[in-house]
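Colleague: To be precise about what I am sending: the file is called data_34.csv and holds CSV, N, CA and C atoms.
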```csv
chain,number,residue,atom,x,y,z
A,983,MET,N,-5.5,18.6,2.8
A,983,MET,CA,-5.2,17.2,3.0
A,983,MET,C,-3.7,17.0,2.6
A,984,SER,N,-3.0,16.3,3.4
A,984,SER,CA,-1.6,16.0,3.0
A,984,SER,C,-1.5,14.6,2.4
A,985,ALA,N,-0.3,14.3,1.9
A,985,ALA,CA,0.0,13.0,1.3
A,985,ALA,C,1.3,12.5,1.7
A,986,ARG,N,1.4,11.2,1.7
A,986,ARG,CA,2.7,10.5,2.0
A,986,ARG,C,2.9,9.5,0.9
A,987,GLU,N,4.2,9.0,0.8
A,987,GLU,CA,4.5,8.0,-0.2
A,987,GLU,C,5.3,6.9,0.6
A,988,LEU,N,4.8,5.7,0.5
A,988,LEU,CA,5.4,4.5,1.1
A,988,LEU,C,5.8,3.5,0.0
A,989,VAL,N,6.8,2.8,0.3
A,989,VAL,CA,7.3,1.7,-0.5
A,989,VAL,C,6.7,0.4,0.0
A,990,LEU,N,6.1,-0.4,-0.9
A,990,LEU,CA,5.5,-1.6,-0.6
A,990,LEU,C,6.3,-2.7,-1.2
A,991,SER,N,6.7,-3.7,-0.4
A,991,SER,CA,7.5,-4.8,-0.9
A,991,SER,C,7.0,-6.1,-0.3
A,992,PHE,N,7.5,-7.2,-0.8
A,992,PHE,CA,7.0,-8.6,-0.4
A,992,PHE,C,8.3,-9.4,-0.1
A,993,GLU,N,8.4,-9.8,1.2
A,993,GLU,CA,9.5,-10.6,1.6
A,993,GLU,C,9.0,-11.6,2.6
A,994,ARG,N,9.6,-12.9,2.5
A,994,ARG,CA,9.3,-13.9,3.5
A,994,ARG,C,7.8,-14.1,3.7
A,995,ASP,N,7.0,-14.1,2.6
A,995,ASP,CA,5.6,-14.4,2.7
A,995,ASP,C,4.8,-13.2,3.4
A,996,CYS,N,5.4,-12.1,3.5
A,996,CYS,CA,4.7,-10.9,4.1
A,996,CYS,C,4.8,-9.7,3.3
A,997,TRP,N,3.8,-8.8,3.4
A,997,TRP,CA,3.9,-7.5,2.7
A,997,TRP,C,4.5,-6.5,3.7
A,998,HIS,N,5.3,-5.6,3.2
A,998,HIS,CA,6.0,-4.6,4.0
A,998,HIS,C,5.7,-3.2,3.5
A,999,ALA,N,5.4,-2.3,4.3
A,999,ALA,CA,5.2,-0.9,3.9
A,999,ALA,C,6.2,-0.1,4.8
A,1000,SER,N,7.0,0.8,4.1
A,1000,SER,CA,7.9,1.6,4.9
A,1000,SER,C,8.2,2.9,4.2
A,1001,GLY,N,8.6,3.9,5.0
A,1001,GLY,CA,8.9,5.2,4.6
A,1001,GLY,C,8.2,6.3,5.4
A,1002,GLU,N,8.8,7.4,5.5
A,1002,GLU,CA,8.3,8.6,6.2
A,1002,GLU,C,7.7,8.2,7.6
A,1003,GLY,N,8.5,7.5,8.4
A,1003,GLY,CA,8.1,7.2,9.7
A,1003,GLY,C,7.1,6.0,9.9
A,1004,VAL,N,6.8,5.3,8.8
A,1004,VAL,CA,5.9,4.2,8.9
A,1004,VAL,C,6.7,2.9,8.6
A,1005,ASP,N,6.4,1.9,9.4
A,1005,ASP,CA,7.0,0.6,9.2
A,1005,ASP,C,6.0,-0.4,9.6
A,1006,ALA,N,5.4,-1.2,8.6
A,1006,ALA,CA,4.3,-2.1,8.9
A,1006,ALA,C,4.6,-3.4,8.1
A,1007,VAL,N,4.2,-4.5,8.7
A,1007,VAL,CA,4.3,-5.8,8.1
A,1007,VAL,C,3.1,-6.7,8.4
A,1008,HIS,N,2.6,-7.3,7.3
A,1008,HIS,CA,1.4,-8.2,7.5
A,1008,HIS,C,1.4,-9.2,6.4
A,1009,ARG,N,0.7,-10.3,6.6
A,1009,ARG,CA,0.6,-11.4,5.6
A,1009,ARG,C,-0.3,-11.1,4.4
A,1010,ASP,N,-1.3,-10.2,4.7
A,1010,ASP,CA,-2.1,-9.8,3.5
A,1010,ASP,C,-2.2,-8.3,3.4
A,1011,LEU,N,-2.6,-7.8,2.2
A,1011,LEU,CA,-2.6,-6.4,1.9
A,1011,LEU,C,-3.6,-5.7,2.8
A,1012,ARG,N,-4.8,-6.2,2.9
A,1012,ARG,CA,-5.8,-5.5,3.7
A,1012,ARG,C,-5.4,-5.3,5.2
A,1013,GLY,N,-4.8,-6.4,5.7
A,1013,GLY,CA,-4.2,-6.2,7.1
A,1013,GLY,C,-3.1,-5.2,7.2
A,1014,LEU,N,-2.3,-5.1,6.1
A,1014,LEU,CA,-1.2,-4.1,6.1
A,1014,LEU,C,-1.8,-2.7,6.0
A,1015,GLU,N,-2.9,-2.5,5.2
A,1015,GLU,CA,-3.6,-1.2,5.1
A,1015,GLU,C,-4.1,-0.8,6.5
A,1016,THR,N,-4.7,-1.8,7.2
A,1016,THR,CA,-5.2,-1.5,8.6
A,1016,THR,C,-4.1,-1.0,9.5
A,1017,LEU,N,-2.9,-1.6,9.4
A,1017,LEU,CA,-1.8,-1.2,10.2
A,1017,LEU,C,-1.3,0.2,9.8
A,1018,ILE,N,-1.3,0.5,8.6
A,1018,ILE,CA,-0.9,1.8,8.1
A,1018,ILE,C,-1.9,2.9,8.6
A,1019,GLU,N,-3.2,2.6,8.5
A,1019,GLU,CA,-4.2,3.5,8.9
A,1019,GLU,C,-4.0,3.8,10.4
A,1020,ALA,N,-3.7,2.7,11.2
A,1020,ALA,CA,-3.6,2.9,12.7
A,1020,ALA,C,-2.4,3.8,13.0
A,1021,GLN,N,-1.3,3.6,12.2
A,1021,GLN,CA,0.0,4.4,12.5
A,1021,GLN,C,-0.2,5.8,12.1
A,1022,LEU,N,-1.1,6.1,11.1
A,1022,LEU,CA,-1.3,7.5,10.6
A,1022,LEU,C,-2.6,8.1,11.1
A,1023,ALA,N,-3.3,7.5,12.0
A,1023,ALA,CA,-4.6,8.0,12.4
A,1023,ALA,C,-4.5,9.4,12.9
A,1024,GLY,N,-3.5,9.8,13.6
A,1024,GLY,CA,-3.4,11.1,14.2
A,1024,GLY,C,-3.2,12.2,13.1
A,1025,GLU,N,-2.8,11.8,11.9
A,1025,GLU,CA,-2.6,12.8,10.8
A,1025,GLU,C,-3.7,12.8,9.8
A,1026,ALA,N,-4.7,12.0,10.0
A,1026,ALA,CA,-5.8,11.9,9.1
A,1026,ALA,C,-6.6,13.2,9.0
A,1027,PRO,N,-7.2,13.5,7.9
A,1027,PRO,CA,-7.3,12.8,6.7
A,1027,PRO,C,-6.0,13.0,5.8
A,1028,LEU,N,-5.6,12.0,5.1
A,1028,LEU,CA,-4.5,12.1,4.2
A,1028,LEU,C,-4.5,11.0,3.2
A,1029,ASP,N,-3.8,11.1,2.1
A,1029,ASP,CA,-3.7,10.1,1.1
A,1029,ASP,C,-2.3,9.5,1.2
A,1030,VAL,N,-2.2,8.2,1.2
A,1030,VAL,CA,-0.9,7.5,1.2
A,1030,VAL,C,-0.7,6.8,-0.1
A,1031,HIS,N,0.3,7.2,-0.8
A,1031,HIS,CA,0.6,6.7,-2.2
A,1031,HIS,C,1.5,5.5,-1.9
A,1032,LEU,N,1.0,4.3,-2.3
A,1032,LEU,CA,1.8,3.1,-2.1
A,1032,LEU,C,2.4,2.7,-3.5
A,1033,LYS,N,3.7,2.7,-3.5
A,1033,LYS,CA,4.5,2.4,-4.7
A,1033,LYS,C,5.2,1.1,-4.5
A,1034,PHE,N,4.8,0.1,-5.4
A,1034,PHE,CA,5.4,-1.2,-5.3
A,1034,PHE,C,6.8,-1.3,-5.7
A,1035,ASP,N,7.6,-1.9,-4.9
A,1035,ASP,CA,9.0,-2.3,-5.3
A,1035,ASP,C,8.9,-3.5,-6.2
A,1036,MET,N,8.9,-3.3,-7.5
A,1036,MET,CA,8.7,-4.4,-8.4
A,1036,MET,C,9.7,-5.5,-8.3
A,1037,ALA,N,10.9,-5.2,-7.9
A,1037,ALA,CA,11.9,-6.3,-7.7
A,1037,ALA,C,11.6,-7.2,-6.6
A,1038,SER,N,10.8,-6.8,-5.6
A,1038,SER,CA,10.5,-7.7,-4.5
A,1038,SER,C,9.2,-8.5,-4.6
A,1039,LEU,N,8.4,-8.2,-5.7
A,1039,LEU,CA,7.1,-8.8,-5.8
A,1039,LEU,C,7.2,-10.3,-6.2
A,1040,PRO,N,6.2,-11.1,-5.7
A,1040,PRO,CA,6.3,-12.5,-6.1
A,1040,PRO,C,6.3,-12.7,-7.6
A,1041,ARG,N,7.0,-13.7,-8.1
A,1041,ARG,CA,7.2,-13.9,-9.5
A,1041,ARG,C,5.8,-14.0,-10.2
A,1042,SER,N,4.8,-14.4,-9.6
A,1042,SER,CA,3.5,-14.6,-10.2
A,1042,SER,C,2.9,-13.2,-10.6
A,1043,LEU,N,3.3,-12.1,-9.9
A,1043,LEU,CA,2.8,-10.8,-10.2
A,1043,LEU,C,3.7,-10.0,-11.2
A,1044,HIS,N,4.8,-10.5,-11.7
A,1044,HIS,CA,5.7,-9.8,-12.6
A,1044,HIS,C,5.0,-9.5,-13.9
A,1045,GLN,N,3.9,-10.2,-14.2
A,1045,GLN,CA,3.3,-10.0,-15.5
A,1045,GLN,C,2.6,-8.7,-15.6
A,1046,TYR,N,2.3,-8.1,-14.4
A,1046,TYR,CA,1.6,-6.8,-14.4
A,1046,TYR,C,2.5,-5.6,-14.4
A,1047,GLN,N,2.1,-4.6,-15.1
A,1047,GLN,CA,2.9,-3.4,-15.2
A,1047,GLN,C,2.8,-2.7,-13.8
A,1048,SER,N,3.8,-1.9,-13.5
A,1048,SER,CA,3.8,-1.2,-12.2
A,1048,SER,C,2.6,-0.3,-12.0
A,1049,HIS,N,2.0,0.3,-13.1
A,1049,HIS,CA,0.8,1.2,-12.9
A,1049,HIS,C,-0.4,0.4,-12.4
A,1050,TYR,N,-0.4,-0.9,-12.6
A,1050,TYR,CA,-1.5,-1.7,-12.0
A,1050,TYR,C,-1.3,-2.0,-10.5
A,1051,CYS,N,-0.1,-1.9,-10.1
A,1051,CYS,CA,0.2,-2.2,-8.7
A,1051,CYS,C,0.3,-1.0,-7.7
A,1052,ASN,N,0.5,0.1,-8.3
A,1052,ASN,CA,0.6,1.3,-7.4
A,1052,ASN,C,-0.8,1.8,-7.2
A,1053,TYR,N,-1.0,2.3,-5.9
A,1053,TYR,CA,-2.4,2.8,-5.6
A,1053,TYR,C,-2.3,3.8,-4.5
A,1054,THR,N,-3.4,4.4,-4.2
A,1054,THR,CA,-3.5,5.4,-3.1
A,1054,THR,C,-4.5,4.9,-2.1
A,1055,LEU,N,-4.0,4.9,-0.8
A,1055,LEU,CA,-4.9,4.5,0.3
A,1055,LEU,C,-5.3,5.8,1.0
A,1056,HIS,N,-6.6,6.0,1.1
A,1056,HIS,CA,-7.2,7.2,1.7
A,1056,HIS,C,-7.4,6.9,3.2
A,1057,VAL,N,-6.7,7.6,4.0
A,1057,VAL,CA,-6.8,7.4,5.5
A,1057,VAL,C,-7.6,8.5,6.1
A,1058,GLY,N,-8.6,8.1,6.9
A,1058,GLY,CA,-9.4,9.0,7.7
A,1058,GLY,C,-10.5,9.8,7.0
A,1059,ARG,N,-10.9,9.3,5.8
A,1059,ARG,CA,-12.1,9.9,5.2
A,1059,ARG,C,-12.8,8.8,4.5
A,1060,SER,N,-14.1,8.9,4.5
A,1060,SER,CA,-14.9,7.9,3.8
A,1060,SER,C,-15.2,8.4,2.4
A,1061,LEU,N,-15.2,7.5,1.5
A,1061,LEU,CA,-15.4,7.8,0.0
A,1061,LEU,C,-16.8,7.6,-0.4
A,1062,SER,N,-17.3,8.4,-1.3
A,1062,SER,CA,-18.6,8.2,-1.9
A,1062,SER,C,-18.5,7.1,-2.9
A,1063,GLY,N,-19.6,6.5,-3.4
A,1063,GLY,CA,-19.5,5.4,-4.3
A,1063,GLY,C,-18.8,5.8,-5.6
A,1064,SER,N,-18.9,7.0,-6.1
A,1064,SER,CA,-18.2,7.4,-7.3
A,1064,SER,C,-16.7,7.5,-7.2
A,1065,GLU,N,-16.2,7.8,-6.0
A,1065,GLU,CA,-14.8,7.9,-5.7
A,1065,GLU,C,-14.1,6.5,-5.6
A,1066,ARG,N,-14.9,5.5,-5.2
A,1066,ARG,CA,-14.4,4.1,-5.0
A,1066,ARG,C,-14.1,3.4,-6.3
A,1067,ALA,N,-14.8,3.8,-7.3
A,1067,ALA,CA,-14.7,3.1,-8.6
A,1067,ALA,C,-13.4,3.3,-9.3
```
Mind turning the file's structure into structure tokens?
Modeller:
Amino acid sequence: MSARELVLSFERDCWHASGEGVDAVHRDLRGLETLIEAQLAGEAPLDVHLKFDMASLPRSLHQYQSHYCNYTLHVGRSLSGSERA
């Protein structure tokens, strides 16, 4: 399985994911994840590491440390219950 890293930012009331040939914009994170999955469907299965650009996050989220905001999106594979936790 391969992996990619995308930068996640927030501008003009929309979430943006970009990097390594991916450019997606959506008003909510789940919608953005769906767009990312669609753009990378031909390369599945893979892990996409989403790293938040803390400078672009809404002020209300600045209280969180970056390790709370960074996460991995699993594209093209289903997770068992233990992996989702």
Colleague: Got a sec: who's within 7 Å of stretch 1012-1022 of chain A, counting all atoms listed in the file, leaving out chain neighbours fewer than 5 positions off, as JSON, numbers by chain?
Modeller: {"A": [997, 1004, 1006, 1007, 1057, 1058]}
Colleague: List as a ChimeraX atom specification: which residues have an atom within 9 Å of (7.2, 0.7, -5.0), counting only C-alpha atoms?
Modeller: /A:988-991,1032-1037,1048,1051-1052
Colleague: Do you have the atom N of A:Phe992-atom CA of A:Ser1038 distance handy?
Modeller: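 That distance, rounded to one decimal, is 4.8 Å.
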Colleague: Counting only N, CA and C atoms, figure out which residue out of A:His998, A:His1056, A:Arg1041, A:Arg1009 gets nearest to A:Asp1029.
Modeller: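 Among the listed residues, A:His1056 lies closest to A:Asp1029.
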Colleague: Take atom N of A:Ala985 and atom C of A:Arg1059 and report the distance between them in Å, one decimal.
Modeller: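 Calculated distance between atom N of A:Ala985 and atom C of A:Arg1059 is 13.9 Å.
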Colleague: Determine which residues of stretch 986-1042 of chain A DSSP labels as strand (DSSP E or B) from the backbone of this structure, then write them out as a PDB file with N, CA and C atoms, keeping the file's coordinate frame.
Modeller:
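As written to disk, part_30.pdb reads:
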```
ATOM      1  N   ARG A 986       1.400  11.200   1.700  1.00  0.00           N
ATOM      2  CA  ARG A 986       2.700  10.500   2.000  1.00  0.00           C
ATOM      3  C   ARG A 986       2.900   9.500   0.900  1.00  0.00           C
ATOM      4  N   GLU A 987       4.200   9.000   0.800  1.00  0.00           N
ATOM      5  CA  GLU A 987       4.500   8.000  -0.200  1.00  0.00           C
ATOM      6  C   GLU A 987       5.300   6.900   0.600  1.00  0.00           C
ATOM      7  N   LEU A 988       4.800   5.700   0.500  1.00  0.00           N
ATOM      8  CA  LEU A 988       5.400   4.500   1.100  1.00  0.00           C
ATOM      9  C   LEU A 988       5.800   3.500   0.000  1.00  0.00           C
ATOM     10  N   VAL A 989       6.800   2.800   0.300  1.00  0.00           N
ATOM     11  CA  VAL A 989       7.300   1.700  -0.500  1.00  0.00           C
ATOM     12  C   VAL A 989       6.700   0.400   0.000  1.00  0.00           C
ATOM     13  N   LEU A 990       6.100  -0.400  -0.900  1.00  0.00           N
ATOM     14  CA  LEU A 990       5.500  -1.600  -0.600  1.00  0.00           C
ATOM     15  C   LEU A 990       6.300  -2.700  -1.200  1.00  0.00           C
ATOM     16  N   SER A 991       6.700  -3.700  -0.400  1.00  0.00           N
ATOM     17  CA  SER A 991       7.500  -4.800  -0.900  1.00  0.00           C
ATOM     18  C   SER A 991       7.000  -6.100  -0.300  1.00  0.00           C
ATOM     19  N   PHE A 992       7.500  -7.200  -0.800  1.00  0.00           N
ATOM     20  CA  PHE A 992       7.000  -8.600  -0.400  1.00  0.00           C
ATOM     21  C   PHE A 992       8.300  -9.400  -0.100  1.00  0.00           C
ATOM     22  N   GLU A 993       8.400  -9.800   1.200  1.00  0.00           N
ATOM     23  CA  GLU A 993       9.500 -10.600   1.600  1.00  0.00           C
ATOM     24  C   GLU A 993       9.000 -11.600   2.600  1.00  0.00           C
ATOM     25  N   CYS A 996       5.400 -12.100   3.500  1.00  0.00           N
ATOM     26  CA  CYS A 996       4.700 -10.900   4.100  1.00  0.00           C
ATOM     27  C   CYS A 996       4.800  -9.700   3.300  1.00  0.00           C
ATOM     28  N   TRP A 997       3.800  -8.800   3.400  1.00  0.00           N
ATOM     29  CA  TRP A 997       3.900  -7.500   2.700  1.00  0.00           C
ATOM     30  C   TRP A 997       4.500  -6.500   3.700  1.00  0.00           C
ATOM     31  N   HIS A 998       5.300  -5.600   3.200  1.00  0.00           N
ATOM     32  CA  HIS A 998       6.000  -4.600   4.000  1.00  0.00           C
ATOM     33  C   HIS A 998       5.700  -3.200   3.500  1.00  0.00           C
ATOM     34  N   ALA A 999       5.400  -2.300   4.300  1.00  0.00           N
ATOM     35  CA  ALA A 999       5.200  -0.900   3.900  1.00  0.00           C
ATOM     36  C   ALA A 999       6.200  -0.100   4.800  1.00  0.00           C
ATOM     37  N   SER A1000       7.000   0.800   4.100  1.00  0.00           N
ATOM     38  CA  SER A1000       7.900   1.600   4.900  1.00  0.00           C
ATOM     39  C   SER A1000       8.200   2.900   4.200  1.00  0.00           C
ATOM     40  N   GLY A1001       8.600   3.900   5.000  1.00  0.00           N
ATOM     41  CA  GLY A1001       8.900   5.200   4.600  1.00  0.00           C
ATOM     42  C   GLY A1001       8.200   6.300   5.400  1.00  0.00           C
ATOM     43  N   VAL A1004       6.800   5.300   8.800  1.00  0.00           N
ATOM     44  CA  VAL A1004       5.900   4.200   8.900  1.00  0.00           C
ATOM     45  C   VAL A1004       6.700   2.900   8.600  1.00  0.00           C
ATOM     46  N   ASP A1005       6.400   1.900   9.400  1.00  0.00           N
ATOM     47  CA  ASP A1005       7.000   0.600   9.200  1.00  0.00           C
ATOM     48  C   ASP A1005       6.000  -0.400   9.600  1.00  0.00           C
ATOM     49  N   ALA A1006       5.400  -1.200   8.600  1.00  0.00           N
ATOM     50  CA  ALA A1006       4.300  -2.100   8.900  1.00  0.00           C
ATOM     51  C   ALA A1006       4.600  -3.400   8.100  1.00  0.00           C
ATOM     52  N   VAL A1007       4.200  -4.500   8.700  1.00  0.00           N
ATOM     53  CA  VAL A1007       4.300  -5.800   8.100  1.00  0.00           C
ATOM     54  C   VAL A1007       3.100  -6.700   8.400  1.00  0.00           C
ATOM     55  N   HIS A1008       2.600  -7.300   7.300  1.00  0.00           N
ATOM     56  CA  HIS A1008       1.400  -8.200   7.500  1.00  0.00           C
ATOM     57  C   HIS A1008       1.400  -9.200   6.400  1.00  0.00           C
ATOM     58  N   LEU A1028      -5.600  12.000   5.100  1.00  0.00           N
ATOM     59  CA  LEU A1028      -4.500  12.100   4.200  1.00  0.00           C
ATOM     60  C   LEU A1028      -4.500  11.000   3.200  1.00  0.00           C
ATOM     61  N   ASP A1029      -3.800  11.100   2.100  1.00  0.00           N
ATOM     62  CA  ASP A1029      -3.700  10.100   1.100  1.00  0.00           C
ATOM     63  C   ASP A1029      -2.300   9.500   1.200  1.00  0.00           C
ATOM     64  N   VAL A1030      -2.200   8.200   1.200  1.00  0.00           N
ATOM     65  CA  VAL A1030      -0.900   7.500   1.200  1.00  0.00           C
ATOM     66  C   VAL A1030      -0.700   6.800  -0.100  1.00  0.00           C
ATOM     67  N   HIS A1031       0.300   7.200  -0.800  1.00  0.00           N
ATOM     68  CA  HIS A1031       0.600   6.700  -2.200  1.00  0.00           C
ATOM     69  C   HIS A1031       1.500   5.500  -1.900  1.00  0.00           C
ATOM     70  N   LEU A1032       1.000   4.300  -2.300  1.00  0.00           N
ATOM     71  CA  LEU A1032       1.800   3.100  -2.100  1.00  0.00           C
ATOM     72  C   LEU A1032       2.400   2.700  -3.500  1.00  0.00           C
ATOM     73  N   LYS A1033       3.700   2.700  -3.500  1.00  0.00           N
ATOM     74  CA  LYS A1033       4.500   2.400  -4.700  1.00  0.00           C
ATOM     75  C   LYS A1033       5.200   1.100  -4.500  1.00  0.00           C
ATOM     76  N   PHE A1034       4.800   0.100  -5.400  1.00  0.00           N
ATOM     77  CA  PHE A1034       5.400  -1.200  -5.300  1.00  0.00           C
ATOM     78  C   PHE A1034       6.800  -1.300  -5.700  1.00  0.00           C
TER      79      PHE A1034
END
```
Colleague: To one decimal in Å, tell me the separation between atom CA of A:Gly1001 and atom CA of A:Arg986.
Modeller: 8.6 Å
Colleague: Mind checking DSSP for stretch 1001-1041 of chain A and telling me the helix (DSSP H, G or I) residues as a ChimeraX atom specification?
Modeller: /A:1011-1021,1023-1025,1036-1038,1041
Colleague: Nearest to A:Glu1002 among A:Gly1024, A:Glu987, A:His1031, A:Ser1042, with distances taken over only C-alpha atoms: which residue is it?
Modeller: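 Going through A:Gly1024, A:Glu987, A:His1031, A:Ser1042 one by one, the smallest distance to A:Glu1002 is for A:Glu987.
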Colleague: Could you give me the centre and size, in Å to one decimal, of an axis-aligned box around all listed atoms of stretch 1012-1016 of chain A with 8 Å added on every side, as AutoDock Vina command-line options?
Modeller:
```
--center_x -3.5 --center_y -3.6 --center_z 6.2 --size_x 20.6 --size_y 21.6 --size_z 22.6
```
